[in-house]
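The structure appears right after this line, and notes come after that.
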Amino acid sequence: MSSPDPQVRAARNKSTSPPPRGPVVAVTGAASGVGALLTERLAASEEVKQVVAIDERRGECAEAEWHILDVRDPAIAERLRGADVVVHLALDLDLETDAAARTAYNVRGTQTVLTAAAAAGVHRVVLCTSTMVYGALPDNELPLSEDAELRATAEATGVGDLLEIERLARRAPRAHPGLNVTVVRPAVLVGGTDTALTRYFESPRLLVVAGSRPAWQFCHIDDLCSALEYAVLEKVDGELAVGCDGWLEQEEVEELSGIRRMELPSAVALGAAARLHRIGLTPSPAGDLAYTMYPWVVSGSRLHDAGWRPAYTNEEVLAQLLDEVSGRHTVAGRRLGRKDATAAGAAGATVALLGAAAVVRRARKARRRI
């Protein structure tokens, strides 16, 4: 009697093989950005039993079980029932979003997910913030320990929300015994992202504040997803920093990017940035400048000790970022059209000059009204 065709044997083996014994993982914010990439990654993993994808619209991962709802809706608890792990990635860090609306969404969403996860019997929640929560300060060590104090203030875009999420993460296990919370903090995230720090590289000149000591550490979005997968599979827990090994000095960034610097005194740069933001000309508050002035590099030792390694170097991620922002023109965090960018470049535009121009224009208008 002849043996069955190899394809038939493979199909039989596949149909009779037991399903994966790994966790059921729910991902919020699963339709775009980091959430979409992580959903695809987990759905393809043999170590994950099932992926439950939650967002306000359906994403492209056909292998996931989709639920369409707002993460602030308490009904999310029912959607999380049966999940072992929740990765909460439904955050709004858009520069153009109204700050109060952004905070209401981010904080309320995280509160709801943590409470719903506990009610649904989920044993682990993974949250994602940023190494920005450590703060960019002139006396920071290089690199910082992951256990370093979180010394950031709420003066930079979205950092106040991230600090509140960190506080919620620390309180959750006390409020909900049995619920474990892991916090993953990426460095400057690159890979289809748009932040005040990625826009820094869209400027005609790299603004350098006199006397400052910048140090740049990047994180590729693929490396963030692989670190999140480590947390999901409980290969590591606690508070984790993720990014490329080491850092780049400002001089190295300028050499690699080919973009020359524009150096300004601290009072001029910070004063002009605050003025521009106050009158609504730019989305970035003056607090964002600190992250281009002082170091906030973190070691990432916990992930390394667990066997994780970044797939990208700082040099490679910077090269990708420069590729992504090619053709875009930004001054003081505000995107310019092509004509504006040409005029700004020809005039040697800087934060200070734009700030002065804005003040002059407003003064002239005020005089005309008198």
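Following the order of the structure tokens, chains are lettered A, B, ..., residues in each are numbered from 1, and ligands are numbered from 1.
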Review point. Which residues come within 12 Å of Pro173 in chain A, counting only C-alpha atoms, excluding same-chain residues fewer than 5 positions away, as a list in words?
Key: Leu114, Thr115, Ala117, Ala118, His123, Arg124, Val125, Arg167, Leu168, Gly178, Leu179, Asn180, Val181, Thr182 and Gly238 of chain A
Go ahead and dump the residues you just picked, all heavy atoms, as a short mmCIF file (atom, residue, chain, number, x, y, z; two decimals), in the first residue's frame.
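For reference, out_9.cif as written:
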data_model
loop_
_atom_site.label_atom_id
_atom_site.label_comp_id
_atom_site.auth_asym_id
_atom_site.auth_seq_id
_atom_site.Cartn_x
_atom_site.Cartn_y
_atom_site.Cartn_z
N LEU A 114 -6.79 49.58 32.62
CA LEU A 114 -6.28 48.92 33.82
C LEU A 114 -7.42 48.35 34.67
O LEU A 114 -7.35 47.21 35.13
CB LEU A 114 -5.43 49.90 34.64
CG LEU A 114 -4.06 50.26 34.06
CD1 LEU A 114 -3.46 51.44 34.81
CD2 LEU A 114 -3.11 49.06 34.13
N THR A 115 -8.46 49.14 34.86
CA THR A 115 -9.61 48.68 35.66
C THR A 115 -10.32 47.52 34.96
O THR A 115 -10.68 46.52 35.60
CB THR A 115 -10.59 49.84 35.89
OG1 THR A 115 -9.91 50.92 36.53
CG2 THR A 115 -11.76 49.40 36.75
N ALA A 117 -9.08 45.44 32.74
CA ALA A 117 -8.22 44.26 32.73
C ALA A 117 -8.33 43.49 34.04
O ALA A 117 -8.44 42.26 34.06
CB ALA A 117 -6.78 44.66 32.46
N ALA A 118 -8.31 44.23 35.15
CA ALA A 118 -8.44 43.58 36.45
C ALA A 118 -9.80 42.90 36.59
O ALA A 118 -9.90 41.77 37.07
CB ALA A 118 -8.24 44.62 37.56
N HIS A 123 -3.99 38.93 33.85
CA HIS A 123 -2.95 38.93 34.89
C HIS A 123 -1.81 39.88 34.60
O HIS A 123 -1.02 40.18 35.50
CB HIS A 123 -2.42 37.52 35.14
CG HIS A 123 -1.47 37.02 34.13
ND1 HIS A 123 -1.85 36.30 33.01
CD2 HIS A 123 -0.11 37.12 34.04
CE1 HIS A 123 -0.78 35.98 32.31
NE2 HIS A 123 0.28 36.46 32.90
N ARG A 124 -1.69 40.38 33.35
CA ARG A 124 -0.59 41.30 33.05
C ARG A 124 -1.03 42.37 32.06
O ARG A 124 -1.68 42.06 31.05
CB ARG A 124 0.61 40.55 32.47
CG ARG A 124 1.80 41.44 32.09
CD ARG A 124 2.96 40.62 31.55
NE ARG A 124 3.45 39.72 32.57
CZ ARG A 124 4.38 40.05 33.49
NH1 ARG A 124 4.91 41.25 33.47
NH2 ARG A 124 4.76 39.19 34.40
N VAL A 125 -0.68 43.62 32.35
CA VAL A 125 -0.88 44.73 31.41
C VAL A 125 0.48 45.31 31.08
O VAL A 125 1.30 45.57 31.97
CB VAL A 125 -1.80 45.82 31.99
CG1 VAL A 125 -1.88 47.02 31.05
CG2 VAL A 125 -3.20 45.27 32.25
N ARG A 167 2.36 56.88 36.86
CA ARG A 167 1.79 56.85 38.22
C ARG A 167 0.66 55.82 38.30
O ARG A 167 0.55 55.08 39.29
CB ARG A 167 1.29 58.24 38.62
CG ARG A 167 2.41 59.20 38.99
CD ARG A 167 1.87 60.48 39.60
NE ARG A 167 1.35 61.38 38.59
CZ ARG A 167 2.08 62.32 37.97
NH1 ARG A 167 3.36 62.45 38.26
NH2 ARG A 167 1.53 63.11 37.08
N LEU A 168 -0.16 55.76 37.28
CA LEU A 168 -1.24 54.76 37.24
C LEU A 168 -0.66 53.35 37.26
O LEU A 168 -1.19 52.45 37.91
CB LEU A 168 -2.10 54.97 36.00
CG LEU A 168 -2.96 56.24 35.96
CD1 LEU A 168 -3.59 56.42 34.58
CD2 LEU A 168 -4.05 56.19 37.03
N GLY A 178 -2.98 41.06 42.21
CA GLY A 178 -2.95 39.99 41.20
C GLY A 178 -2.69 40.51 39.80
O GLY A 178 -2.41 39.72 38.89
N LEU A 179 -2.81 41.84 39.61
CA LEU A 179 -2.54 42.43 38.30
C LEU A 179 -1.09 42.91 38.25
O LEU A 179 -0.67 43.73 39.06
CB LEU A 179 -3.48 43.60 38.04
CG LEU A 179 -3.32 44.29 36.68
CD1 LEU A 179 -3.73 43.37 35.54
CD2 LEU A 179 -4.15 45.59 36.63
N ASN A 180 -0.33 42.39 37.32
CA ASN A 180 1.06 42.82 37.13
C ASN A 180 1.11 43.85 36.00
O ASN A 180 0.40 43.70 35.00
CB ASN A 180 1.94 41.63 36.76
CG ASN A 180 2.00 40.61 37.86
OD1 ASN A 180 2.36 40.93 39.00
ND2 ASN A 180 1.63 39.36 37.57
N VAL A 181 1.91 44.87 36.17
CA VAL A 181 2.04 45.92 35.15
C VAL A 181 3.50 46.06 34.75
O VAL A 181 4.37 46.24 35.60
CB VAL A 181 1.49 47.27 35.65
CG1 VAL A 181 1.64 48.33 34.57
CG2 VAL A 181 0.02 47.14 36.06
N THR A 182 3.75 45.97 33.46
CA THR A 182 5.09 46.19 32.90
C THR A 182 5.05 47.48 32.09
O THR A 182 4.10 47.70 31.32
CB THR A 182 5.51 45.02 31.98
OG1 THR A 182 5.61 43.84 32.76
CG2 THR A 182 6.84 45.29 31.32
N GLY A 238 8.75 44.46 34.84
CA GLY A 238 9.18 45.67 35.55
C GLY A 238 9.14 46.89 34.66
O GLY A 238 8.30 47.00 33.77
#
Practice item. Determine which residues of range 154-334 of chain A receive a DSSP assignment of alpha helix (DSSP H), computed from the backbone, and state them as a PyMOL selection string. Key: chain A and resi 159-175+196-199+221-232+250-257+266-278+301-305+314-325
Include C-alpha atoms and write out the residues we just selected as an mmCIF file, in the first residue's frame.
data_model
loop_
_atom_site.group_PDB
_atom_site.id
_atom_site.type_symbol
_atom_site.label_atom_id
_atom_site.label_comp_id
_atom_site.auth_asym_id
_atom_site.auth_seq_id
_atom_site.Cartn_x
_atom_site.Cartn_y
_atom_site.Cartn_z
ATOM 1 C CA VAL A 159 5.164 64.185 28.812
ATOM 2 C CA GLY A 160 2.623 65.153 31.472
ATOM 3 C CA ASP A 161 0.332 62.403 30.142
ATOM 4 C CA LEU A 162 3.167 59.871 30.176
ATOM 5 C CA LEU A 163 4.075 60.740 33.762
ATOM 6 C CA GLU A 164 0.451 60.246 34.803
ATOM 7 C CA ILE A 165 0.401 56.878 33.011
ATOM 8 C CA GLU A 166 3.555 55.928 34.947
ATOM 9 C CA ARG A 167 1.790 56.850 38.217
ATOM 10 C CA LEU A 168 -1.237 54.763 37.244
ATOM 11 C CA ALA A 169 1.079 51.841 36.464
ATOM 12 C CA ARG A 170 2.641 51.986 39.921
ATOM 13 C CA ARG A 171 -0.693 52.261 41.708
ATOM 14 C CA ALA A 172 -2.501 49.548 39.727
ATOM 15 C CA PRO A 173 -1.034 46.462 41.469
ATOM 16 C CA ARG A 174 -2.009 47.936 44.848
ATOM 17 C CA ALA A 175 -5.520 48.813 43.661
ATOM 18 C CA ALA A 196 8.797 67.158 18.136
ATOM 19 C CA LEU A 197 12.073 65.191 18.205
ATOM 20 C CA THR A 198 11.748 63.731 14.708
ATOM 21 C CA ARG A 199 10.752 67.188 13.403
ATOM 22 C CA ILE A 221 9.871 50.795 15.813
ATOM 23 C CA ASP A 222 10.728 47.142 15.031
ATOM 24 C CA ASP A 223 12.971 46.994 18.101
ATOM 25 C CA LEU A 224 10.161 48.419 20.231
ATOM 26 C CA CYS A 225 7.818 45.694 18.955
ATOM 27 C CA SER A 226 10.329 42.948 19.719
ATOM 28 C CA ALA A 227 10.799 44.368 23.250
ATOM 29 C CA LEU A 228 7.019 44.477 23.747
ATOM 30 C CA GLU A 229 6.862 40.826 22.643
ATOM 31 C CA TYR A 230 9.451 39.970 25.308
ATOM 32 C CA ALA A 231 7.200 41.611 27.896
ATOM 33 C CA VAL A 232 4.095 39.828 26.570
ATOM 34 C CA GLN A 250 25.668 66.299 18.686
ATOM 35 C CA GLU A 251 28.829 66.598 16.566
ATOM 36 C CA GLU A 252 28.340 63.007 15.339
ATOM 37 C CA VAL A 253 24.701 63.735 14.465
ATOM 38 C CA GLU A 254 25.734 66.798 12.460
ATOM 39 C CA GLU A 255 28.440 64.865 10.627
ATOM 40 C CA LEU A 256 26.130 61.943 9.816
ATOM 41 C CA SER A 257 23.187 64.134 8.801
ATOM 42 C CA SER A 266 19.716 79.747 25.943
ATOM 43 C CA ALA A 267 17.614 82.796 26.849
ATOM 44 C CA VAL A 268 17.017 83.640 23.183
ATOM 45 C CA ALA A 269 16.108 80.097 22.118
ATOM 46 C CA LEU A 270 13.844 79.313 25.085
ATOM 47 C CA GLY A 271 12.222 82.759 25.098
ATOM 48 C CA ALA A 272 11.428 82.668 21.392
ATOM 49 C CA ALA A 273 10.125 79.074 21.565
ATOM 50 C CA ALA A 274 7.814 79.978 24.459
ATOM 51 C CA ARG A 275 6.577 83.091 22.643
ATOM 52 C CA LEU A 276 5.868 81.229 19.396
ATOM 53 C CA HIS A 277 3.935 78.524 21.204
ATOM 54 C CA ARG A 278 1.995 81.000 23.313
ATOM 55 C CA SER A 301 20.092 46.610 31.041
ATOM 56 C CA ARG A 302 16.963 44.643 31.996
ATOM 57 C CA LEU A 303 16.154 43.687 28.423
ATOM 58 C CA HIS A 304 19.822 42.911 27.764
ATOM 59 C CA ASP A 305 19.972 40.659 30.833
ATOM 60 C CA ASN A 314 21.817 54.644 16.382
ATOM 61 C CA GLU A 315 23.581 55.409 13.095
ATOM 62 C CA GLU A 316 21.191 53.160 11.128
ATOM 63 C CA VAL A 317 18.086 54.590 12.762
ATOM 64 C CA LEU A 318 19.242 58.164 12.210
ATOM 65 C CA ALA A 319 19.811 57.336 8.531
ATOM 66 C CA GLN A 320 16.245 55.988 8.274
ATOM 67 C CA LEU A 321 14.858 59.061 10.017
ATOM 68 C CA LEU A 322 16.671 61.389 7.613
ATOM 69 C CA ASP A 323 15.230 59.343 4.731
ATOM 70 C CA GLU A 324 11.707 59.656 6.121
ATOM 71 C CA VAL A 325 11.847 63.420 6.671
#
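The interatomic distance for the pair CA of Thr39 in chain A and CA of Ala306 in chain A works out to 22.3 Å.
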Return as CSV the residues of range 119-231 of chain A lying at most 10 Å from range 280-287 of chain A, together with the closest atom-to-atom pair for each and the distance in Å to one decimal, counting only C-alpha atoms, with rows in chain order and ascending residue number.
residue,atom,partner,partner_atom,distance
A:Ala136,CA,A:Gly287,CA,9.7
A:Ala152,CA,A:Gly287,CA,9.9
A:Thr153,CA,A:Gly287,CA,8.4
A:Ala154,CA,A:Gly287,CA,8.1
A:Glu155,CA,A:Gly287,CA,4.7
A:Ala156,CA,A:Gly287,CA,4.3
A:Thr157,CA,A:Ser284,CA,6.6
A:Val159,CA,A:Gly287,CA,9.6
A:Thr195,CA,A:Ser284,CA,9.4
A:Ala196,CA,A:Ser284,CA,6.6
A:Leu197,CA,A:Ser284,CA,9.9
Practice item. Identify all residues of range 168-297 of chain A in strand (DSSP E or B) (DSSP on the backbone) and supply them as an NGL selection string. Key: :A and (180-186 or 188-190 or 206-209 or 215-216 or 218-220 or 239-242 or 248-249 or 261-264)
Check your understanding: Which is closest to Glu47 in chain A among A:Gly258, A:Pro23, A:Pro186, A:Pro177, if we use only C-alpha atoms?
Key -> A:Pro23
Review point. Residues at most 12 Å from Thr97 in chain A, counting only C-alpha atoms, excluding those fewer than 4 positions away in the same chain, as a PyMOL selection string?
Key: chain A and resi 91-93+101-106+157-158+195+283-284
Review point. What is the CA of Ala90 in chain A-CA of Gly33 in chain A distance in Å, reported with one decimal?
Key: 9.8 Å
**Study point:** Atomic distance CA of Ser299 in chain A - CA of His220 in chain A, expressed in Å with one decimal
**Key:**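 Atom-to-atom, CA of Ser299 in chain A and CA of His220 in chain A are spaced 15.7 Å apart.
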Point to revise | All residues 8 Å or closer to range 48-58 of chain A, only C-alpha atoms, same chain fewer than 3 positions away omitted, as an NGL selection string | key: :A and (19-31 or 39 or 42-43 or 45 or 63-71 or 83 or 90)
**Study point:** Residue nearest Ala148 in chain A - candidates A:Val236, A:Phe218, A:Val298, A:Val34, atoms counted: only C-alpha atoms
**Key:** A:Val298
Review point. Skipping near chain neighbours, those fewer than 6 positions away, what residues fall within 12 Å of Leu137 in chain A using only C-alpha atoms, listed as a count of residues only?
Key: 20
